[in-house]
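Everything below concerns the one structure shown next.
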Amino acid sequence: MIEYLRGPIAELTPAYAVIEAAGVGYMLNISLSTYTALQASKDAKLLVHEAIREDAWVLYGFATERERALFRALIGVSGVGAGTARVIQSSLAPAELEKAIVAGDHAKLKNVKGIGAKTAQRIIVDLKDKIKPGADAFISQPTVSGETFEEALAALVMLGFPKPAAQKALDKIFAANPAIKVEAAVKQALAMM
């Protein structure tokens, strides 16, 4: 997995940036807030989220960990893909988005192109408990980890389930029963998905 890329900015547009690292140009899809953060720079360090599918290997770049964690949380919501998450992040700054989710502000989310009432409601319901109130409030990272969790997650991903959805299901399962075996966790996750 690529954690971040650092190097000169070879190309910068509001939709993507090309970062040269070790002689290779990597195209990363970015949001408008990342674009704004990079405009005055010649060099950049972008945190990366990889989306590897059968037909494509797509990289998403973020200026801050806060923005990347929000992106990952958004794509974990049913009905919200990477493109939609990027549009949301281009329309709302991370603090605005967190505030809208915590306050249950459906109207603010519905103002984003491509977000309807049901999707806005789903985002709020799924993410409200994951955002910590406070000055630099942020999405809490999953507290569950370990070899059993990772094996179950890998099995679900190999079965074709999206990693964020599999992770969300396993988080619930392991929170209820931390000593669960891999096979039982996978079976329960399959029943939930």
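Residue numbering restarts at 1 in every chain; chains get A, B, ... in the order shown in the structure tokens, and ligands count up from 1 in that same order.
By chain and then residue number, the residues within 6 Å of Gly61 (chain A) are Leu28, Asn29, Ile30, Leu46, Leu47 and Val48 of chain A, counting only C-alpha atoms and disregarding those fewer than 3 positions away in sequence.
Within the 12 Å cut-off around region 1-3 of chain A, using only C-alpha atoms and omitting residues fewer than 6 positions from it on the same chain, the listed residues are Ala21, Tyr26, Leu28, Lys45, Leu46, Leu47, Val48, His49, Glu50, Ala51, Ile52, Trp57, Val58, Leu59, Tyr60, Gly61, Phe62, Glu65 and Arg68 of chain A.
CA of Pro14 (chain A) to CA of Leu32 (chain A) spans 5.7 Å [interatomic distance, one decimal].
Comparing the minimum interatomic distances between Lys42 (chain A) and each of A:Ala69, A:Ile9, A:Ala22, A:Ile115, counting only C-alpha atoms, we find that A:Ile9 sits nearest.
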Exercise. Mind listing the strand (DSSP E or B) residues of region 45-183 of chain A, per DSSP on the backbone, as JSON, numbers by chain?
Key: {"A": [45, 46, 47, 48, 49, 50, 51, 52, 57, 58, 59, 60, 61, 62, 131, 139]}
Exercise. May I ask which of the residues A:Ile88, A:Val80, A:Ala37, A:Leu127 is the closest one to Ile101 (chain A), counting only C-alpha atoms?
Key: A:Leu127
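The smallest atom-to-atom distance between Arg72 (chain A) and any of A:Pro164, A:Thr34, A:Gly104, A:Asp129, using only C-alpha atoms, is found for A:Pro164.
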Practice problem: Within chain A, find each residue whose DSSP state, derived from the backbone, is alpha helix (DSSP H), and express the selection as a ChimeraX atom specification. | Solution: /A:32-38,65-75,82-91,94-103,106-110,117-127,147-158,163-176,182-192
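Counting only C-alpha atoms, the residue from A:Ala169, A:Ile19, A:Ala95, A:Ala175 that sits nearest to Ser33 (chain A) is A:Ala95.
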Quiz item: Just how far from CA of Gln188 (chain A) is CA of Thr148 (chain A), in Å to one decimal?
Solution: 13.9 Å
Report as a Markdown table: every residue of region 107-185 of chain A with an atom at most 12 Å from region 82-85 of chain A, its closest pair of atoms, and their distance in Å to one decimal, counting only C-alpha atoms, with rows sorted by chain and ascending residue number.
| residue | atom | partner | partner_atom | distance |
| --- | --- | --- | --- | --- |
| A:Leu109 | CA | A:Ala85 | CA | 11.3 |
| A:Val112 | CA | A:Thr84 | CA | 9.3 |
| A:Lys113 | CA | A:Thr84 | CA | 8.6 |
| A:Gly114 | CA | A:Thr84 | CA | 7.2 |
| A:Ile115 | CA | A:Thr84 | CA | 8.0 |
| A:Gly116 | CA | A:Thr84 | CA | 11.4 |
| A:Thr119 | CA | A:Thr84 | CA | 10.5 |
| A:Ala120 | CA | A:Thr84 | CA | 11.5 |
| A:Ile123 | CA | A:Ala85 | CA | 10.5 |
| A:Pro162 | CA | A:Ala82 | CA | 11.6 |
| A:Pro164 | CA | A:Ala82 | CA | 11.2 |
Exercise. Could you give me, as an MDAnalysis selection string, the residues within 9 Å of region 189-193 of chain A, counting only C-alpha atoms and dropping anything in the same chain fewer than 3 positions from it?
Key: chainID A and resid 152 156 161 165:166 169:170 173 184:186
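Restricting the calculation to only C-alpha atoms, the smallest distance between Leu97 (chain A) and any of A:Ala44, A:Ala117, A:Ile131, A:Thr64 is found for A:Ile131.
Distance-wise, CA of Ala107 (chain A) and CA of Ala63 (chain A) end up 27.0 Å apart.
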Quiz item: From the list A:Leu74, A:Gly146, A:Val87, A:Asp105, which residue is nearest Asp126 (chain A) when using only C-alpha atoms?
Solution: A:Leu74
